[in-house]
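One file, structure.cif, is given below (mmCIF, C-alpha atoms).
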data_start
#
loop_
_atom_site.label_atom_id
_atom_site.label_comp_id
_atom_site.auth_asym_id
_atom_site.auth_seq_id
_atom_site.Cartn_x
_atom_site.Cartn_y
_atom_site.Cartn_z
CA MET A 1 -30.88 69.47 30.72
CA SER A 2 -30.73 73.26 30.84
CA GLY A 3 -31.53 75.77 28.12
CA LYS A 4 -34.47 76.82 26.05
CA LEU A 5 -36.57 74.33 24.12
CA VAL A 6 -35.74 74.05 20.44
CA VAL A 7 -38.87 73.32 18.40
CA ARG A 8 -39.03 72.82 14.67
CA ILE A 9 -41.31 71.61 11.91
CA ALA A 10 -39.68 69.73 9.05
CA GLU A 11 -41.65 69.67 5.79
CA ILE A 12 -40.26 66.90 3.60
CA GLU A 13 -41.21 65.63 0.15
CA ILE A 14 -40.22 62.06 -0.70
CA ASP A 15 -39.71 60.30 -4.03
CA LEU A 16 -42.92 58.28 -4.29
CA ASP A 17 -41.09 55.17 -5.51
CA GLN A 18 -39.05 55.08 -2.31
CA LEU A 19 -41.75 56.09 0.14
CA GLU A 20 -42.08 52.79 1.99
CA SER A 21 -38.32 52.56 2.53
CA TYR A 22 -38.24 56.17 3.70
CA ARG A 23 -41.08 55.65 6.18
CA ALA A 24 -39.34 52.62 7.72
CA LEU A 25 -36.04 54.49 8.08
CA LEU A 26 -37.78 57.52 9.59
CA ALA A 27 -39.74 55.42 12.11
CA GLU A 28 -36.56 53.61 13.16
CA GLU A 29 -34.67 56.89 13.59
CA ILE A 30 -37.47 58.47 15.64
CA GLU A 31 -37.80 55.49 17.97
CA ALA A 32 -34.06 55.40 18.59
CA SER A 33 -33.76 59.16 19.12
CA VAL A 34 -36.51 59.40 21.73
CA ALA A 35 -35.43 56.18 23.47
CA LEU A 36 -31.69 56.90 23.60
CA GLU A 37 -31.31 60.68 23.81
CA PRO A 38 -32.38 62.46 27.02
CA GLY A 39 -32.58 65.76 25.12
CA VAL A 40 -34.93 64.57 22.37
CA LEU A 41 -38.28 65.25 24.04
CA SER A 42 -40.61 64.30 21.21
CA LEU A 43 -40.69 63.56 17.50
CA ASN A 44 -44.08 63.33 15.82
CA ALA A 45 -44.05 62.41 12.14
CA VAL A 46 -47.13 62.33 9.93
CA SER A 47 -47.96 62.11 6.24
CA VAL A 48 -50.56 64.26 4.51
CA LYS A 49 -53.59 62.11 3.63
CA ASP A 50 -54.11 63.63 0.20
CA SER A 51 -50.39 63.59 -0.57
CA PRO A 52 -48.76 60.67 1.27
CA ASN A 53 -45.25 61.55 0.10
CA SER A 54 -45.56 64.88 1.96
CA ILE A 55 -44.17 64.35 5.45
CA ARG A 56 -44.36 66.72 8.41
CA ILE A 57 -42.33 66.23 11.59
CA LEU A 58 -42.80 68.24 14.79
CA GLU A 59 -39.48 68.04 16.64
CA VAL A 60 -38.94 69.11 20.26
CA TYR A 61 -35.44 69.21 21.77
CA ALA A 62 -34.57 70.22 25.32
CA SER A 63 -31.94 72.75 24.22
CA GLN A 64 -29.74 73.81 21.34
CA ALA A 65 -26.98 71.57 22.75
CA ALA A 66 -29.36 68.60 22.74
CA TYR A 67 -30.26 69.31 19.13
CA GLU A 68 -26.61 69.55 18.08
CA ALA A 69 -25.79 66.31 19.91
CA HIS A 70 -28.69 64.62 18.10
CA LEU A 71 -27.13 65.49 14.73
CA GLN A 72 -24.00 63.52 15.67
CA THR A 73 -25.67 60.29 16.80
CA PRO A 74 -25.16 57.09 14.82
CA HIS A 75 -28.92 56.62 14.31
CA PHE A 76 -29.38 60.14 12.92
CA LEU A 77 -26.32 59.86 10.66
CA LYS A 78 -27.59 56.52 9.37
CA TYR A 79 -31.03 58.01 8.62
CA LYS A 80 -29.50 61.07 6.95
CA SER A 81 -27.25 59.12 4.60
CA ALA A 82 -29.74 56.33 3.86
CA THR A 83 -32.51 58.79 2.94
CA ALA A 84 -30.41 61.37 1.06
CA GLY A 85 -31.49 59.98 -2.31
CA MET A 86 -35.16 59.75 -1.30
CA VAL A 87 -35.79 63.34 -0.21
CA THR A 88 -36.80 65.65 -3.07
CA SER A 89 -37.46 68.71 -0.90
CA LEU A 90 -36.74 69.68 2.71
CA THR A 91 -37.98 72.83 4.45
CA LEU A 92 -37.14 73.47 8.10
CA LEU A 93 -39.39 75.88 9.97
CA ASP A 94 -38.10 77.22 13.26
CA VAL A 95 -41.06 77.68 15.57
CA ASP A 96 -41.82 78.85 19.10
CA PRO A 97 -44.13 76.87 21.38
CA ILE A 98 -47.43 78.52 22.35
CA ALA A 99 -49.06 75.62 24.20
CA MET A 100 -47.93 71.99 24.13
CA HIS A 101 -50.09 69.59 26.11
CA GLY A 102 -50.59 65.85 26.00
CA LYS A 103 -51.88 63.05 28.16
CA PRO A 104 -49.32 61.87 30.71
CA MET B 1 -61.73 54.87 23.85
CA SER B 2 -62.01 52.73 20.72
CA GLY B 3 -61.46 53.70 17.12
CA LYS B 4 -58.67 54.98 14.93
CA LEU B 5 -56.60 58.00 15.88
CA VAL B 6 -57.62 61.23 14.19
CA VAL B 7 -54.59 63.45 13.54
CA ARG B 8 -54.61 66.85 11.95
CA ILE B 9 -52.45 69.88 11.35
CA ALA B 10 -54.19 73.25 11.49
CA GLU B 11 -52.39 76.09 9.69
CA ILE B 12 -53.81 79.38 10.90
CA GLU B 13 -53.01 83.00 10.07
CA ILE B 14 -53.93 85.61 12.66
CA ASP B 15 -54.55 89.34 12.37
CA LEU B 16 -51.30 90.76 13.75
CA ASP B 17 -53.10 93.41 15.81
CA GLN B 18 -54.97 90.71 17.72
CA LEU B 19 -52.17 88.18 18.04
CA GLU B 20 -51.65 88.43 21.80
CA SER B 21 -55.36 87.97 22.49
CA TYR B 22 -55.49 85.05 20.09
CA ARG B 23 -52.51 83.32 21.71
CA ALA B 24 -54.07 83.62 25.17
CA LEU B 25 -57.40 82.19 23.98
CA LEU B 26 -55.67 79.34 22.16
CA ALA B 27 -53.52 78.42 25.16
CA GLU B 28 -56.59 78.41 27.42
CA GLU B 29 -58.54 76.22 24.99
CA ILE B 30 -55.68 73.73 24.62
CA GLU B 31 -55.15 73.39 28.37
CA ALA B 32 -58.86 72.80 28.97
CA SER B 33 -59.23 70.32 26.11
CA VAL B 34 -56.35 68.07 27.18
CA ALA B 35 -57.24 68.33 30.87
CA LEU B 36 -60.98 67.72 30.54
CA GLU B 37 -61.47 65.49 27.49
CA PRO B 38 -60.28 61.86 27.66
CA GLY B 39 -60.28 61.68 23.85
CA VAL B 40 -58.05 64.69 23.25
CA LEU B 41 -54.63 63.03 23.40
CA SER B 42 -52.42 65.99 22.55
CA LEU B 43 -52.51 69.51 21.18
CA ASN B 44 -49.22 71.15 20.28
CA ALA B 45 -49.43 74.74 19.07
CA VAL B 46 -46.47 76.72 17.78
CA SER B 47 -45.84 79.97 15.94
CA VAL B 48 -43.40 80.34 13.07
CA LYS B 49 -40.35 82.32 14.24
CA ASP B 50 -40.06 84.42 11.08
CA SER B 51 -43.83 84.98 10.91
CA PRO B 52 -45.28 84.96 14.44
CA ASN B 53 -48.86 85.36 13.26
CA SER B 54 -48.54 82.01 11.43
CA ILE B 55 -49.73 79.32 13.83
CA ARG B 56 -49.45 75.57 13.43
CA ILE B 57 -51.29 73.08 15.66
CA LEU B 58 -50.71 69.32 15.65
CA GLU B 59 -53.92 67.78 17.00
CA VAL B 60 -54.29 64.14 18.08
CA TYR B 61 -57.70 62.71 18.99
CA ALA B 62 -58.41 59.15 20.10
CA SER B 63 -61.17 58.65 17.52
CA GLN B 64 -63.56 60.42 15.20
CA ALA B 65 -66.16 60.37 17.99
CA ALA B 66 -63.71 62.04 20.36
CA TYR B 67 -63.03 64.73 17.77
CA GLU B 68 -66.73 65.37 17.21
CA ALA B 69 -67.35 65.55 20.96
CA HIS B 70 -64.51 68.08 21.25
CA LEU B 71 -66.27 70.40 18.80
CA GLN B 72 -69.28 70.59 21.13
CA THR B 73 -67.44 71.43 24.37
CA PRO B 74 -67.97 74.82 26.02
CA HIS B 75 -64.22 75.59 25.94
CA PHE B 76 -63.95 74.87 22.20
CA LEU B 77 -67.11 76.84 21.38
CA LYS B 78 -65.81 79.77 23.43
CA TYR B 79 -62.46 79.69 21.58
CA LYS B 80 -64.18 79.41 18.21
CA SER B 81 -66.50 82.36 18.70
CA ALA B 82 -63.97 84.56 20.51
CA THR B 83 -61.32 84.09 17.81
CA ALA B 84 -63.60 84.23 14.73
CA GLY B 85 -62.67 87.85 14.02
CA MET B 86 -58.94 87.23 14.56
CA VAL B 87 -58.36 84.39 12.10
CA THR B 88 -57.58 85.57 8.55
CA SER B 89 -56.89 82.10 7.12
CA LEU B 90 -57.45 78.52 8.27
CA THR B 91 -56.22 75.39 6.51
CA LEU B 92 -56.89 71.96 7.97
CA LEU B 93 -54.60 69.16 6.82
CA ASP B 94 -55.75 65.62 7.54
CA VAL B 95 -52.69 63.51 8.23
CA ASP B 96 -51.76 59.94 9.11
CA PRO B 97 -49.29 59.16 11.87
CA ILE B 98 -45.98 57.56 10.84
CA ALA B 99 -44.17 57.60 14.18
CA MET B 100 -45.19 59.59 17.26
CA HIS B 101 -42.86 59.29 20.22
CA GLY B 102 -42.26 61.42 23.28
CA LYS B 103 -40.78 61.15 26.74
CA PRO B 104 -43.16 59.54 29.25
#
Would you put the structure from the file into structure tokens?
Amino acid sequence: MSGKLVVRIAEIEIDLDQLESYRALLAEEIEASVALEPGVLSLNAVSVKDSPNSIRILEVYASQAAYEAHLQTPHFLKYKSATAGMVTSLTLLDVDPIAMHGKP
Amino acid sequence: MSGKLVVRIAEIEIDLDQLESYRALLAEEIEASVALEPGVLSLNAVSVKDSPNSIRILEVYASQAAYEAHLQTPHFLKYKSATAGMVTSLTLLDVDPIAMHGKP
């Protein structure tokens, strides 16, 4: 997988009445993406403690091509259509890695 | 390492004139923390593309005790004192994991 890492933070607000459904769909999509796509290096989704319908996702793709391929996968398309009516706000922040370290 | 994961997002603004020094100190601190501390599971630091002095760090600790031990390490204390005059704003967001997956 050649190319430069693509790293992004998604800041998402969810309709509180649909939060549990959204969380389940998101978890399913993340598991499938990392398991099935060589170019999806990591997806880390969290909710803000004081505002549980505020979601943040740190997304790391191996390359721009890997990111674009991800957008065409059945699991991503399912997530996108199933959650369209749950998302009240979506901000995508393009970011550059400074230091990314984790336990092996 | 028992206990519940502690996960946090730090949102940090840096004095633009000191950004390169800050980035080097942060990278050094992150490498040392993950390498030396069993309870520091991952530290992922990025800068916002359109605003490079805006830093975001996703921090994952094995437990509250691991987090508190981290705050007393020589590498963290060095980072904290060396960067005190560089940080113009610091917001700490306590978050709960929804799904955190990465390549092995």
Using only C-alpha atoms, what table do you get, as CSV, when you list each residue of chain A with an atom no more than 7 Å from chain B, its nearest pair of atoms, and their distance in Å rounded to one decimal, rows by chain then rising number?
residue,atom,partner,partner_atom,distance
A:Ala27,CA,B:Ala99,CA,5.4
A:Ile30,CA,B:Ala99,CA,6.9
A:Glu31,CA,B:His101,CA,6.7
A:Val34,CA,B:Gly102,CA,6.3
A:Leu41,CA,B:Lys103,CA,5.5
A:Ser42,CA,B:Gly102,CA,3.9
A:Leu43,CA,B:His101,CA,5.5
A:Asn44,CA,B:Met100,CA,4.2
A:Ala45,CA,B:Ala99,CA,5.2
A:Val46,CA,B:Pro97,CA,4.3
A:Ser47,CA,B:Asp96,CA,5.2
A:Val48,CA,B:Val95,CA,4.4
A:Lys49,CA,B:Val95,CA,4.9
A:Leu93,CA,B:Val48,CA,6.8
A:Asp94,CA,B:Lys49,CA,5.7
A:Val95,CA,B:Val48,CA,4.3
A:Asp96,CA,B:Ser47,CA,5.2
A:Pro97,CA,B:Val46,CA,4.3
A:Ile98,CA,B:Val46,CA,5.0
A:Ala99,CA,B:Ala45,CA,5.2
A:Met100,CA,B:Asn44,CA,4.1
A:His101,CA,B:Leu43,CA,5.5
A:Gly102,CA,B:Ser42,CA,3.9
A:Lys103,CA,B:Leu41,CA,5.5
A:Pro104,CA,B:Pro104,CA,6.7
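Each of B:Ala66, B:His75, B:Asp15, B:Leu36 was checked against B:Ser89 using all atoms listed in the file; the smallest atom-to-atom distance is that of B:Asp15.
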>> Can you measure atom CA of A:Tyr22 to atom CA of A:Asn53 for me? One decimal in Å is fine.
In response: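 Interatomic distance, atom CA of A:Tyr22 to atom CA of A:Asn53: 9.5 Å.
Interatomic distance, atom CA of A:Glu13 to atom CA of A:Thr91: 9.0 Å.
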>> Could you tell me how far atom CA of B:Tyr61 sits from atom CA of B:Thr88, in Å to one decimal place?
In response: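 It comes out at 25.1 Å.
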>> Excluding A:Gly85 and its own-chain neighbours fewer than 2 positions away, which residues fall within 12 Å of it when counting all atoms listed in the file? Please give them as a PyMOL selection string.
In response: chain A and resi 13-19+21-22+79-83+87-89
Would you mind exporting C-alpha atoms of the selected residues as a compact mmCIF listing (two decimals), in the frame of the given file?
# COMPACT_ATOMS: atom_id res chain seq x y z
CA GLU A 13 -41.21 65.63 0.15
CA ILE A 14 -40.22 62.06 -0.70
CA ASP A 15 -39.71 60.30 -4.03
CA LEU A 16 -42.92 58.28 -4.29
CA ASP A 17 -41.09 55.17 -5.51
CA GLN A 18 -39.05 55.08 -2.31
CA LEU A 19 -41.75 56.09 0.14
CA SER A 21 -38.32 52.56 2.53
CA TYR A 22 -38.24 56.17 3.70
CA TYR A 79 -31.03 58.01 8.62
CA LYS A 80 -29.50 61.07 6.95
CA SER A 81 -27.25 59.12 4.60
CA ALA A 82 -29.74 56.33 3.86
CA THR A 83 -32.51 58.79 2.94
CA VAL A 87 -35.79 63.34 -0.21
CA THR A 88 -36.80 65.65 -3.07
CA SER A 89 -37.46 68.71 -0.90
>> Using all atoms listed in the file - which residues lie no farther than 6 Å from the point (-34.3, 73.9, 22.3) in the file's frame? Write them as a VMD selection string.
In response: chain A and resid 4 to 6 61 to 64
